[in-house]
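Undergrad: Input file: start_1.cif. Contents: mmCIF, C-alpha atoms (C1' of nucleotides).
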data_run
#
loop_
_atom_site.label_atom_id
_atom_site.label_comp_id
_atom_site.auth_asym_id
_atom_site.auth_seq_id
_atom_site.Cartn_x
_atom_site.Cartn_y
_atom_site.Cartn_z
CA MET N 1 -115.88 -40.68 17.55
CA ARG N 2 -117.54 -39.52 14.38
CA TYR N 3 -120.40 -37.51 15.86
CA LYS N 4 -120.28 -34.00 17.23
CA ALA N 5 -121.38 -35.18 20.67
CA GLY N 6 -118.34 -37.45 20.96
CA LEU N 7 -115.94 -34.64 20.15
CA GLU N 8 -117.49 -32.34 22.72
CA THR N 9 -117.33 -35.03 25.40
CA ARG N 10 -113.73 -35.72 24.51
CA GLY N 11 -112.96 -32.03 24.91
CA ARG N 12 -114.63 -31.85 28.30
CA ILE N 13 -112.74 -34.93 29.47
CA LEU N 14 -109.39 -33.49 28.39
CA GLU N 15 -110.20 -30.16 30.01
CA ALA N 16 -111.09 -31.89 33.26
CA THR N 17 -107.94 -34.02 33.09
CA ARG N 18 -105.77 -30.95 32.50
CA ARG N 19 -107.24 -29.08 35.43
CA LEU N 20 -107.00 -32.09 37.73
CA ILE N 21 -103.36 -32.80 36.93
CA ALA N 22 -102.63 -29.12 37.52
CA THR N 23 -104.40 -28.95 40.87
CA GLU N 24 -104.15 -32.49 42.27
CA GLY N 25 -101.12 -33.95 40.52
CA LEU N 26 -100.83 -37.05 38.40
CA ASP N 27 -101.74 -39.50 41.14
CA GLY N 28 -104.64 -37.44 42.38
CA THR N 29 -106.21 -37.59 38.95
CA THR N 30 -108.64 -40.51 39.04
CA ILE N 31 -111.25 -41.80 36.61
CA LYS N 32 -113.93 -40.80 39.06
CA SER N 33 -112.66 -37.24 39.50
CA ILE N 34 -112.21 -36.82 35.76
CA CYS N 35 -115.73 -38.09 35.08
CA ASP N 36 -117.28 -35.98 37.85
CA GLN N 37 -115.52 -32.85 36.66
CA ALA N 38 -116.44 -33.53 33.03
CA GLY N 39 -120.03 -34.52 33.78
CA VAL N 40 -119.63 -37.93 32.23
CA LEU N 41 -119.94 -41.55 33.34
CA PRO N 42 -117.11 -44.11 33.18
CA GLY N 43 -118.79 -45.89 30.27
CA SER N 44 -118.52 -42.73 28.20
CA PHE N 45 -114.93 -42.20 29.17
CA TYR N 46 -113.92 -45.67 28.06
CA ASN N 47 -115.86 -45.29 24.84
CA LEU N 48 -113.53 -42.43 23.92
CA PHE N 49 -110.24 -43.40 25.59
CA ASP N 50 -108.62 -46.81 25.92
CA SER N 51 -107.29 -46.03 29.39
CA LYS N 52 -106.73 -43.31 31.94
CA GLU N 53 -103.11 -43.28 30.85
CA GLN N 54 -104.11 -42.33 27.32
CA ALA N 55 -106.06 -39.28 28.44
CA ILE N 56 -103.20 -38.20 30.69
CA LEU N 57 -100.61 -38.67 27.95
CA THR N 58 -102.71 -36.53 25.62
CA VAL N 59 -102.63 -33.69 28.14
CA VAL N 60 -98.92 -34.23 28.77
CA ARG N 61 -98.13 -33.91 25.06
CA GLU N 62 -100.26 -30.80 24.94
CA ALA N 63 -98.28 -29.25 27.82
CA ILE N 64 -94.91 -30.12 26.32
CA ASP N 65 -95.88 -28.71 22.94
CA ALA N 66 -97.31 -25.55 24.46
CA ILE N 67 -94.07 -24.58 26.16
CA ASP N 68 -92.38 -24.05 22.80
CA PRO N 69 -94.80 -21.81 20.97
CA ASP N 70 -92.66 -21.28 17.89
CA PRO N 71 -90.72 -24.46 17.19
CA ASP N 72 -90.18 -23.62 13.50
CA HIS N 73 -88.04 -20.51 13.92
CA LYS N 74 -85.12 -22.40 15.32
CA GLY N 75 -81.83 -20.58 15.24
CA THR N 76 -83.14 -17.02 15.37
CA ASP N 77 -84.40 -16.51 18.92
CA SER N 78 -82.38 -14.55 21.43
CA LEU N 79 -82.07 -15.67 25.06
CA SER N 80 -84.44 -12.88 25.98
CA ASP N 81 -86.99 -14.11 23.42
CA LEU N 82 -86.83 -17.58 24.90
CA VAL N 83 -87.23 -16.36 28.47
CA GLU N 84 -90.08 -14.03 27.53
CA ALA N 85 -91.85 -16.87 25.69
CA TYR N 86 -91.47 -19.01 28.79
CA ILE N 87 -92.87 -16.27 31.02
CA ARG N 88 -95.84 -15.93 28.71
CA PHE N 89 -96.41 -19.67 28.79
CA VAL N 90 -96.33 -19.85 32.58
CA THR N 91 -98.52 -16.81 33.19
CA GLU N 92 -101.02 -17.24 30.38
CA GLN N 93 -101.38 -21.01 30.42
CA GLY N 94 -101.28 -21.61 34.15
CA ASP N 95 -102.80 -25.09 34.08
CA LEU N 96 -100.51 -26.36 31.34
CA ALA N 97 -97.49 -24.90 33.12
CA ARG N 98 -98.51 -26.73 36.28
CA VAL N 99 -98.90 -29.93 34.31
CA TYR N 100 -95.48 -29.38 32.78
CA ILE N 101 -93.63 -28.86 36.02
CA ARG N 102 -95.42 -31.75 37.72
CA LEU N 103 -94.10 -34.07 35.04
CA ALA N 104 -90.57 -33.32 36.10
CA LEU N 105 -91.20 -35.07 39.41
CA SER N 106 -94.07 -37.50 39.13
CA GLY N 107 -93.09 -38.55 35.64
CA GLY N 108 -89.54 -38.96 36.75
CA THR N 109 -90.23 -42.23 38.52
CA ASN N 110 -93.38 -44.11 37.63
CA ASN N 111 -94.30 -43.88 34.00
CA SER N 112 -91.33 -44.46 31.71
CA GLU N 113 -93.20 -43.16 28.64
CA ILE N 114 -93.73 -39.81 30.35
CA LYS N 115 -90.20 -39.84 31.72
CA GLY N 116 -88.62 -40.39 28.30
CA ARG N 117 -90.76 -37.71 26.74
CA THR N 118 -89.91 -35.21 29.47
CA MET N 119 -86.18 -35.89 29.31
CA ARG N 120 -86.03 -35.60 25.53
CA HIS N 121 -87.93 -32.34 25.64
CA HIS N 122 -85.73 -30.95 28.37
CA GLN N 123 -82.60 -31.69 26.36
CA ALA N 124 -84.07 -30.02 23.29
CA ARG N 125 -84.91 -26.98 25.36
CA VAL N 126 -81.42 -26.77 26.83
CA ALA N 127 -79.96 -27.09 23.33
CA ARG N 128 -82.08 -24.20 22.14
CA PHE N 129 -80.97 -21.99 25.01
CA ALA N 130 -77.36 -23.02 24.41
CA ALA N 131 -77.64 -22.08 20.72
CA ALA N 132 -78.99 -18.66 21.63
CA MET N 133 -76.19 -18.21 24.16
CA SER N 134 -73.65 -19.20 21.52
CA ARG N 135 -75.07 -16.69 19.05
CA ALA N 136 -74.79 -13.90 21.61
CA HIS N 137 -71.26 -14.94 22.62
CA PRO N 138 -69.58 -16.66 19.66
CA GLU N 139 -66.26 -16.72 21.47
CA MET N 140 -67.64 -18.85 24.31
CA PRO N 141 -66.69 -22.56 24.23
CA ASP N 142 -69.58 -24.96 23.55
CA LEU N 143 -69.04 -26.65 26.88
CA GLU N 144 -69.67 -23.40 28.67
CA THR N 145 -72.74 -22.37 26.66
CA GLU N 146 -74.16 -25.82 27.35
CA ARG N 147 -73.46 -25.55 31.07
CA ARG N 148 -74.86 -22.03 31.28
CA ALA N 149 -77.97 -23.07 29.37
CA GLU N 150 -78.49 -26.00 31.72
CA THR N 151 -78.18 -23.79 34.77
CA LEU N 152 -80.63 -21.27 33.35
CA VAL N 153 -83.26 -23.80 32.29
CA SER N 154 -83.09 -25.60 35.64
CA ALA N 155 -83.36 -22.31 37.49
CA LEU N 156 -86.38 -21.33 35.40
CA ASN N 157 -87.99 -24.64 36.32
CA GLY N 158 -87.36 -23.79 39.96
CA ILE N 159 -89.21 -20.51 39.45
CA THR N 160 -92.16 -22.37 37.97
CA LEU N 161 -92.02 -24.92 40.76
CA HIS N 162 -92.42 -22.12 43.27
CA ARG N 163 -95.31 -20.72 41.29
CA VAL N 164 -97.14 -24.04 41.59
CA MET N 165 -97.06 -23.70 45.36
CA ASP N 166 -97.69 -19.97 45.51
CA PRO N 167 -99.89 -18.54 42.73
CA THR N 168 -98.99 -14.98 43.73
CA PHE N 169 -95.31 -15.58 42.99
CA ASP N 170 -94.20 -13.17 40.26
CA VAL N 171 -92.69 -15.41 37.60
CA ALA N 172 -91.87 -12.57 35.22
CA VAL N 173 -89.80 -10.56 37.71
CA HIS N 174 -87.76 -13.53 38.90
CA ALA N 175 -87.25 -15.07 35.47
CA ARG N 176 -85.98 -11.76 34.06
CA ALA N 177 -83.71 -11.33 37.07
CA LEU N 178 -82.23 -14.75 36.42
CA LEU N 179 -81.53 -13.90 32.81
CA SER N 180 -80.03 -10.52 33.61
CA ASP N 181 -77.77 -12.06 36.26
CA ALA N 182 -76.72 -14.79 33.87
CA LEU N 183 -75.77 -12.20 31.23
CA ALA N 184 -73.97 -10.07 33.81
CA GLY N 185 -71.96 -13.09 34.90
CA VAL N 186 -70.32 -13.51 31.48
CA MET Q 1 -91.96 -48.93 72.41
CA ARG Q 2 -89.92 -49.54 75.49
CA TYR Q 3 -87.92 -52.53 74.27
CA LYS Q 4 -84.86 -52.45 72.06
CA ALA Q 5 -86.60 -54.51 69.38
CA GLY Q 6 -89.27 -51.85 68.92
CA LEU Q 7 -86.71 -49.10 68.45
CA GLU Q 8 -84.85 -51.11 65.83
CA THR Q 9 -88.03 -51.87 63.95
CA ARG Q 10 -89.01 -48.22 64.10
CA GLY Q 11 -85.65 -47.31 62.61
CA ARG Q 12 -85.99 -49.78 59.77
CA ILE Q 13 -89.50 -48.52 58.99
CA LEU Q 14 -88.35 -44.90 58.84
CA GLU Q 15 -85.37 -45.85 56.70
CA ALA Q 16 -87.65 -47.70 54.28
CA THR Q 17 -90.10 -44.80 54.23
CA ARG Q 18 -87.32 -42.31 53.49
CA ARG Q 19 -85.95 -44.34 50.61
CA LEU Q 20 -89.41 -44.96 49.16
CA ILE Q 21 -90.43 -41.30 49.25
CA ALA Q 22 -87.12 -40.46 47.59
CA THR Q 23 -87.46 -43.02 44.80
CA GLU Q 24 -91.22 -43.44 44.35
CA GLY Q 25 -92.68 -40.22 45.65
CA LEU Q 26 -95.26 -39.64 48.36
CA ASP Q 27 -98.10 -41.42 46.58
CA GLY Q 28 -95.96 -44.38 45.58
CA THR Q 29 -95.10 -44.98 49.21
CA THR Q 30 -97.61 -47.58 50.44
CA ILE Q 31 -97.91 -49.53 53.65
CA LYS Q 32 -97.11 -52.69 51.74
CA SER Q 33 -93.96 -51.28 50.13
CA ILE Q 34 -92.79 -49.83 53.43
CA CYS Q 35 -93.36 -53.12 55.23
CA ASP Q 36 -91.74 -55.18 52.47
CA GLN Q 37 -88.69 -52.93 52.41
CA ALA Q 38 -88.41 -52.91 56.19
CA GLY Q 39 -89.05 -56.65 56.60
CA VAL Q 40 -92.05 -56.09 58.81
CA LEU Q 41 -95.76 -56.99 58.75
CA PRO Q 42 -98.58 -54.41 58.81
CA GLY Q 43 -99.47 -55.31 62.38
CA SER Q 44 -95.99 -54.33 63.53
CA PHE Q 45 -96.15 -51.09 61.60
CA TYR Q 46 -99.40 -50.11 63.28
CA ASN Q 47 -98.06 -51.09 66.65
CA LEU Q 48 -95.39 -48.39 66.28
CA PHE Q 49 -97.16 -45.76 64.18
CA ASP Q 50 -100.75 -44.57 64.32
CA SER Q 51 -100.95 -44.17 60.56
CA LYS Q 52 -98.98 -44.09 57.34
CA GLU Q 53 -99.23 -40.32 57.51
CA GLN Q 54 -97.38 -40.25 60.83
CA ALA Q 55 -94.40 -42.19 59.48
CA ILE Q 56 -94.27 -39.95 56.41
CA LEU Q 57 -94.47 -36.78 58.49
CA THR Q 58 -91.59 -37.99 60.64
CA VAL Q 59 -89.44 -38.37 57.55
CA VAL Q 60 -90.62 -35.01 56.22
CA ARG Q 61 -89.58 -33.24 59.44
CA GLU Q 62 -86.24 -35.01 59.27
CA ALA Q 63 -85.69 -33.74 55.71
CA ILE Q 64 -86.68 -30.19 56.52
CA ASP Q 65 -84.44 -30.09 59.56
CA ALA Q 66 -81.51 -31.62 57.68
CA ILE Q 67 -81.42 -28.87 55.08
CA ASP Q 68 -80.34 -26.35 57.69
CA PRO Q 69 -77.40 -28.01 59.39
CA ASP Q 70 -76.54 -25.06 61.60
CA PRO Q 71 -79.72 -23.26 62.61
CA ASP Q 72 -78.17 -21.67 65.69
CA HIS Q 73 -75.56 -19.52 63.99
CA LYS Q 74 -78.09 -17.15 62.53
CA GLY Q 75 -76.77 -13.86 61.34
CA THR Q 76 -73.20 -14.89 60.58
CA ASP Q 77 -73.35 -16.99 57.42
CA SER Q 78 -72.33 -15.58 54.09
CA LEU Q 79 -74.27 -16.33 50.93
CA SER Q 80 -71.46 -18.62 49.90
CA ASP Q 81 -71.69 -20.50 53.21
CA LEU Q 82 -75.39 -21.03 52.68
CA VAL Q 83 -74.97 -22.24 49.12
CA GLU Q 84 -72.11 -24.56 50.07
CA ALA Q 85 -74.16 -25.98 52.94
CA TYR Q 86 -76.98 -26.63 50.51
CA ILE Q 87 -74.66 -28.33 48.04
CA ARG Q 88 -73.37 -30.54 50.82
CA PHE Q 89 -76.92 -31.41 51.85
CA VAL Q 90 -77.95 -32.36 48.34
CA THR Q 91 -74.85 -34.38 47.50
CA GLU Q 92 -74.29 -36.08 50.84
CA GLN Q 93 -77.87 -36.73 51.87
CA GLY Q 94 -79.30 -37.71 48.51
CA ASP Q 95 -82.41 -39.41 49.84
CA LEU Q 96 -83.35 -36.58 52.19
CA ALA Q 97 -82.78 -34.03 49.43
CA ARG Q 98 -85.10 -36.00 47.17
CA VAL Q 99 -87.69 -36.11 49.91
CA TYR Q 100 -87.32 -32.39 50.42
CA ILE Q 101 -87.79 -31.43 46.80
CA ARG Q 102 -90.68 -33.84 46.33
CA LEU Q 103 -92.56 -32.09 49.11
CA ALA Q 104 -92.62 -28.92 47.11
CA LEU Q 105 -94.92 -30.56 44.59
CA SER Q 106 -96.77 -33.46 46.17
CA GLY Q 107 -97.15 -31.67 49.47
CA GLY Q 108 -98.33 -28.57 47.73
CA THR Q 109 -101.77 -29.95 47.09
CA ASN Q 110 -102.90 -32.89 49.16
CA ASN Q 111 -101.69 -32.77 52.71
CA SER Q 112 -102.18 -29.35 54.27
CA GLU Q 113 -99.98 -30.19 57.26
CA ILE Q 114 -97.05 -30.88 54.95
CA LYS Q 115 -97.89 -27.87 52.80
CA GLY Q 116 -97.90 -25.46 55.75
CA ARG Q 117 -94.66 -26.88 57.07
CA THR Q 118 -92.97 -26.62 53.68
CA MET Q 119 -94.11 -23.06 53.08
CA ARG Q 120 -93.01 -21.86 56.51
CA HIS Q 121 -89.63 -23.46 56.07
CA HIS Q 122 -89.21 -21.97 52.62
CA GLN Q 123 -89.90 -18.49 53.95
CA ALA Q 124 -87.40 -18.94 56.75
CA ARG Q 125 -84.81 -20.06 54.24
CA VAL Q 126 -85.44 -17.09 51.99
CA ALA Q 127 -85.17 -14.77 55.00
CA ARG Q 128 -81.79 -16.26 55.88
CA PHE Q 129 -80.48 -15.76 52.33
CA ALA Q 130 -81.88 -12.22 52.33
CA ALA Q 131 -80.10 -11.43 55.59
CA ALA Q 132 -76.80 -12.68 54.17
CA MET Q 133 -77.38 -10.64 51.04
CA SER Q 134 -78.11 -7.59 53.17
CA ARG Q 135 -74.92 -8.09 55.17
CA ALA Q 136 -72.84 -8.25 51.98
CA HIS Q 137 -74.61 -5.21 50.49
CA PRO Q 138 -75.84 -2.97 53.32
CA GLU Q 139 -76.78 -0.25 50.84
CA MET Q 140 -79.29 -2.52 49.06
CA PRO Q 141 -82.97 -1.90 49.88
CA ASP Q 142 -84.70 -4.69 51.81
CA LEU Q 143 -87.17 -5.19 49.00
CA GLU Q 144 -84.35 -6.01 46.64
CA THR Q 145 -82.45 -8.34 48.97
CA GLU Q 146 -85.72 -10.16 49.56
CA ARG Q 147 -86.40 -10.46 45.84
CA ARG Q 148 -82.87 -11.58 45.06
CA ALA Q 149 -82.97 -14.14 47.85
CA GLU Q 150 -86.25 -15.51 46.54
CA THR Q 151 -84.86 -15.84 43.01
CA LEU Q 152 -81.76 -17.60 44.27
CA VAL Q 153 -83.57 -20.06 46.53
CA SER Q 154 -86.10 -20.94 43.82
CA ALA Q 155 -83.33 -21.41 41.30
CA LEU Q 156 -81.45 -23.68 43.72
CA ASN Q 157 -84.61 -25.75 44.09
CA GLY Q 158 -84.74 -26.03 40.32
CA ILE Q 159 -81.19 -27.41 40.35
CA THR Q 160 -82.20 -30.00 42.93
CA LEU Q 161 -85.32 -30.83 40.97
CA HIS Q 162 -83.17 -31.61 37.96
CA ARG Q 163 -80.95 -33.78 40.10
CA VAL Q 164 -83.91 -35.90 41.11
CA MET Q 165 -84.47 -36.79 37.46
CA ASP Q 166 -80.83 -37.10 36.50
CA PRO Q 167 -78.49 -38.36 39.24
CA THR Q 168 -75.42 -37.45 37.17
CA PHE Q 169 -76.37 -33.76 37.18
CA ASP Q 170 -73.61 -31.79 38.86
CA VAL Q 171 -75.36 -29.84 41.59
CA ALA Q 172 -72.21 -28.18 42.89
CA VAL Q 173 -71.15 -26.69 39.56
CA HIS Q 174 -74.57 -25.29 38.73
CA ALA Q 175 -75.34 -24.02 42.22
CA ARG Q 176 -72.02 -22.15 42.39
CA ALA Q 177 -72.62 -20.73 38.93
CA LEU Q 178 -75.99 -19.42 40.08
CA LEU Q 179 -74.44 -17.71 43.07
CA SER Q 180 -71.59 -16.22 41.09
CA ASP Q 181 -74.02 -14.86 38.48
CA ALA Q 182 -76.24 -13.45 41.19
CA LEU Q 183 -73.28 -11.63 42.76
CA ALA Q 184 -72.08 -10.39 39.36
CA GLY Q 185 -75.55 -8.98 38.69
CA VAL Q 186 -75.39 -6.56 41.62
"C1'" DC G 1 -88.05 -68.59 86.86
"C1'" DG G 2 -92.86 -65.97 86.51
"C1'" DG G 3 -95.53 -62.82 84.94
"C1'" DC G 4 -96.63 -58.57 82.81
"C1'" DT G 5 -96.15 -56.00 78.71
"C1'" DA G 6 -94.21 -55.03 74.35
"C1'" DT G 7 -93.95 -56.87 69.98
"C1'" DT G 8 -95.10 -59.70 66.00
"C1'" DT G 9 -98.11 -62.35 63.32
"C1'" DG G 10 -101.27 -62.90 59.58
"C1'" DA G 11 -105.78 -63.01 58.37
"C1'" DA G 12 -109.98 -59.92 58.01
"C1'" DT G 13 -112.45 -55.44 56.79
"C1'" DA G 14 -113.67 -51.51 54.38
"C1'" DT G 15 -112.97 -48.51 50.80
"C1'" DA G 16 -111.15 -46.73 46.44
"C1'" DT G 17 -109.57 -47.55 42.07
"C1'" DA G 18 -109.29 -48.80 36.96
"C1'" DC G 19 -111.81 -50.92 33.90
"C1'" DT G 20 -115.86 -53.91 31.58
"C1'" DC G 21 -120.34 -55.01 29.90
"C1'" DT G 22 -125.05 -54.82 28.37
"C1'" DA G 23 -128.88 -52.30 27.52
"C1'" DA G 24 -130.83 -47.93 26.35
"C1'" DT G 25 -130.64 -43.58 23.80
"C1'" DT G 26 -129.10 -40.38 20.31
"C1'" DT G 27 -127.17 -39.15 15.95
"C1'" DG G 28 -127.13 -38.16 11.09
"C1'" DA G 29 -126.89 -39.88 6.34
"C1'" DA G 30 -129.67 -42.11 2.81
"C1'" DT D 1 -138.44 -41.34 8.15
"C1'" DT D 2 -135.33 -45.26 8.90
"C1'" DC D 3 -131.74 -47.64 10.66
"C1'" DA D 4 -127.01 -48.84 11.59
"C1'" DA D 5 -123.56 -46.94 14.18
"C1'" DA D 6 -122.03 -43.79 17.79
"C1'" DT D 7 -122.77 -42.48 22.27
"C1'" DT D 8 -124.33 -42.75 27.09
"C1'" DA D 9 -126.01 -44.92 31.20
"C1'" DG D 10 -124.99 -47.25 35.24
"C1'" DA D 11 -124.42 -51.41 37.54
"C1'" DG D 12 -120.70 -54.97 38.03
"C1'" DT D 13 -115.66 -56.98 38.52
"C1'" DA D 14 -111.13 -57.35 40.09
"C1'" DT D 15 -107.47 -55.54 42.46
"C1'" DA D 16 -104.96 -52.49 45.64
"C1'" DT D 17 -105.00 -49.86 49.60
"C1'" DA D 18 -105.08 -48.36 54.67
"C1'" DT D 19 -106.28 -50.06 58.83
"C1'" DT D 20 -107.90 -53.37 62.60
"C1'" DC D 21 -107.80 -57.33 65.59
"C1'" DA D 22 -107.24 -61.54 68.30
"C1'" DA D 23 -103.92 -64.68 69.14
"C1'" DA D 24 -99.03 -66.10 69.47
"C1'" DT D 25 -94.32 -64.90 70.68
"C1'" DA D 26 -90.49 -62.52 72.68
"C1'" DG D 27 -88.22 -59.25 76.06
"C1'" DC D 28 -87.41 -57.34 80.46
"C1'" DC D 29 -87.79 -56.73 85.64
"C1'" DG D 30 -88.40 -58.62 90.04
#
Just give me the structure as structure tokens.

TA:
Amino acid sequence: MRYKAGLETRGRILEATRRLIATEGLDGTTIKSICDQAGVLPGSFYNLFDSKEQAILTVVREAIDAIDPDPDHKGTDSLSDLVEAYIRFVTEQGDLARVYIRLALSGGTNNSEIKGRTMRHHQARVARFAAAMSRAHPEMPDLETERRAETLVSALNGITLHRVMDPTFDVAVHARALLSDALAGV
Amino acid sequence: MRYKAGLETRGRILEATRRLIATEGLDGTTIKSICDQAGVLPGSFYNLFDSKEQAILTVVREAIDAIDPDPDHKGTDSLSDLVEAYIRFVTEQGDLARVYIRLALSGGTNNSEIKGRTMRHHQARVARFAAAMSRAHPEMPDLETERRAETLVSALNGITLHRVMDPTFDVAVHARALLSDALAGV
DNA sequence: CGGCTATTTGAATATATACTCTAATTTGAA
DNA sequence: TTCAAATTAGAGTATATATTCAAATAGCCG
């Protein structure tokens, strides 16, 4: 892949893969559908990717990275910042958000590479929420911040899950309600 | 299916289908895996079911019905009753709960029969939570009870989703925390 | 028991899928 | 412009899948 043409084709293939995972799910994403959507023949696909799995994993990494738009500023975000960033991710990057939430299920069983990646990322995300919770309530025991963070992150995933089924579902309203309830419950 | 043998075989097939959907997902559930797990050959399967889809739909109905263990007593349950019933469903009927939550994703795209069924059931469930919320807070506008019910049900689904990935996840603790936060936020 | 029907068997069919291979075409640096 | 390497084309392979079918077996009712 040293020529411009190769790069463009690669981009179209990844774009098609992303959209297909978002709309059809991991198992509904086939070589044929990817190639059709990208306007490419199988020979071209396999010139640029070693396997279907490789293209999918590329998109999966992309989705996992996209959910955490500011990974460097660790330790300074408030809970509200984190929730707002998540809302922005889900509403502005619809396809990637769909990919992300689909991983939680499909990836949970079949592909162990995807499963490991998803689990590790989830734990990191919970830890970040727990740290923000701890900063807002220094008196709270670590066990409780951890538990509260886990509840909140899981609940947010539930909101996104609903959004996958119903595109009119208002993620922002429900995510903010969750946060406000969680803060009120302290 | 008028002989005892047929009924037993049918039972084993449905049991295998249920477990496979729960552990492998809808797409990972194949005729071969169902037949292997049930100790049956394809010919027997197709003697009792018209298609793979029919067996799956039977299990799907079963899961959707099981989530609402007391559909007759409408109008008397408290929010806490509903949440506790859900916790019981998830913890005591692990496989059916897994089937149920998997529908939300897999069913959301491919099979429109499953999708319609899931959506209708979800709305009914939200309505039941909203009614309970309204009973506890008669002064609250319908729009708000509806919105709060939708947040709570989605969040509960997120808890279950997490449980599918991590069987050690404590559904009861997190579900009760969600409810208590939601009540505190009023 | 006899006979009709349900049930089971296990191979056969048709289709979809991931992936390969060789020959043509295109690219861009020298 | 030339030419080696990158890219594309598109038919071909191997495997998995859902489903069918004719024949063999087993279950019930009289």

Undergrad: I'd like the interatomic distance between CA of Leu26 in chain N and C1' of DA14 in chain G, to a tenth of an Å.

TA: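 These two atoms are separated by 25.1 Å.
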
Undergrad: When you get a sec, could you note down which chain Q residues fall within 9 Å of chain G, using only C-alpha atoms (C1' of nucleotides), as a list in words?

TA: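 On the chain Q side, the interface is Met1, Arg2, Tyr3, Ala5, Gly6, Val40, Leu41, Pro42, Gly43, Ser44 and Asn47 of chain Q.
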
Undergrad: Quick one: pull the distance between CA of Ile64 in chain N and CA of Arg88 in chain N, Å, one decimal.

TA: 14.4 Å

Undergrad: Can you check which residues of chain D have any atom within 10 Å of chain N? Use all atoms listed in the file and format it as JSON, numbers by chain.

TA: {"D": [5, 6, 7, 8, 9, 10]}

Undergrad: List the residues selected by the PyMOL selection byres ((chain Q) within 6 of (chain N)) in the file shown, writing them as a PDB file with C-alpha atoms, in the frame of the given file.

TA:
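Below is the file selection-v3.pdb, written as the result:
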ATOM      1  CA  GLY Q 108     -98.330 -28.570  47.730  1.00  0.00           C
ATOM      2  CA  THR Q 109    -101.770 -29.950  47.090  1.00  0.00           C
ATOM      3  CA  THR Q 151     -84.860 -15.840  43.010  1.00  0.00           C
ATOM      4  CA  SER Q 154     -86.100 -20.940  43.820  1.00  0.00           C
ATOM      5  CA  ALA Q 155     -83.330 -21.410  41.300  1.00  0.00           C
ATOM      6  CA  ASN Q 157     -84.610 -25.750  44.090  1.00  0.00           C
ATOM      7  CA  GLY Q 158     -84.740 -26.030  40.320  1.00  0.00           C
ATOM      8  CA  ILE Q 159     -81.190 -27.410  40.350  1.00  0.00           C
ATOM      9  CA  MET Q 165     -84.470 -36.790  37.460  1.00  0.00           C
ATOM     10  CA  HIS Q 174     -74.570 -25.290  38.730  1.00  0.00           C
ATOM     11  CA  ASP Q 181     -74.020 -14.860  38.480  1.00  0.00           C
ATOM     12  CA  ALA Q 182     -76.240 -13.450  41.190  1.00  0.00           C
ATOM     13  CA  ALA Q 184     -72.080 -10.390  39.360  1.00  0.00           C
ATOM     14  CA  GLY Q 185     -75.550  -8.980  38.690  1.00  0.00           C
TER      15      GLY Q 185
END

Undergrad: Given 4 Å on each side, where is the centre and what are the edge lengths in Å to one decimal of the axis-aligned box enclosing the listed atoms of range 10-15 of chain Q, as lines of an AutoDock Vina configuration file?

TA:
center_x = -87.4
center_y = -47.3
center_z = 60.4
size_x = 12.1
size_y = 12.9
size_z = 15.4

Undergrad: I'd like the interatomic distance between CA of Leu57 in chain N and CA of Gly116 in chain N, to a tenth of an Å.

TA: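 If I compute the distance from CA of Leu57 in chain N to CA of Gly116 in chain N, I get 12.1 Å.
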
Undergrad: May I have the residues within 9 Å of Arg12 in chain Q as a PyMOL selection string, using only C-alpha atoms (C1' of nucleotides) and disregarding those fewer than 3 positions away in the same chain?

TA: chain Q and resi 7-9+15-17+37-40
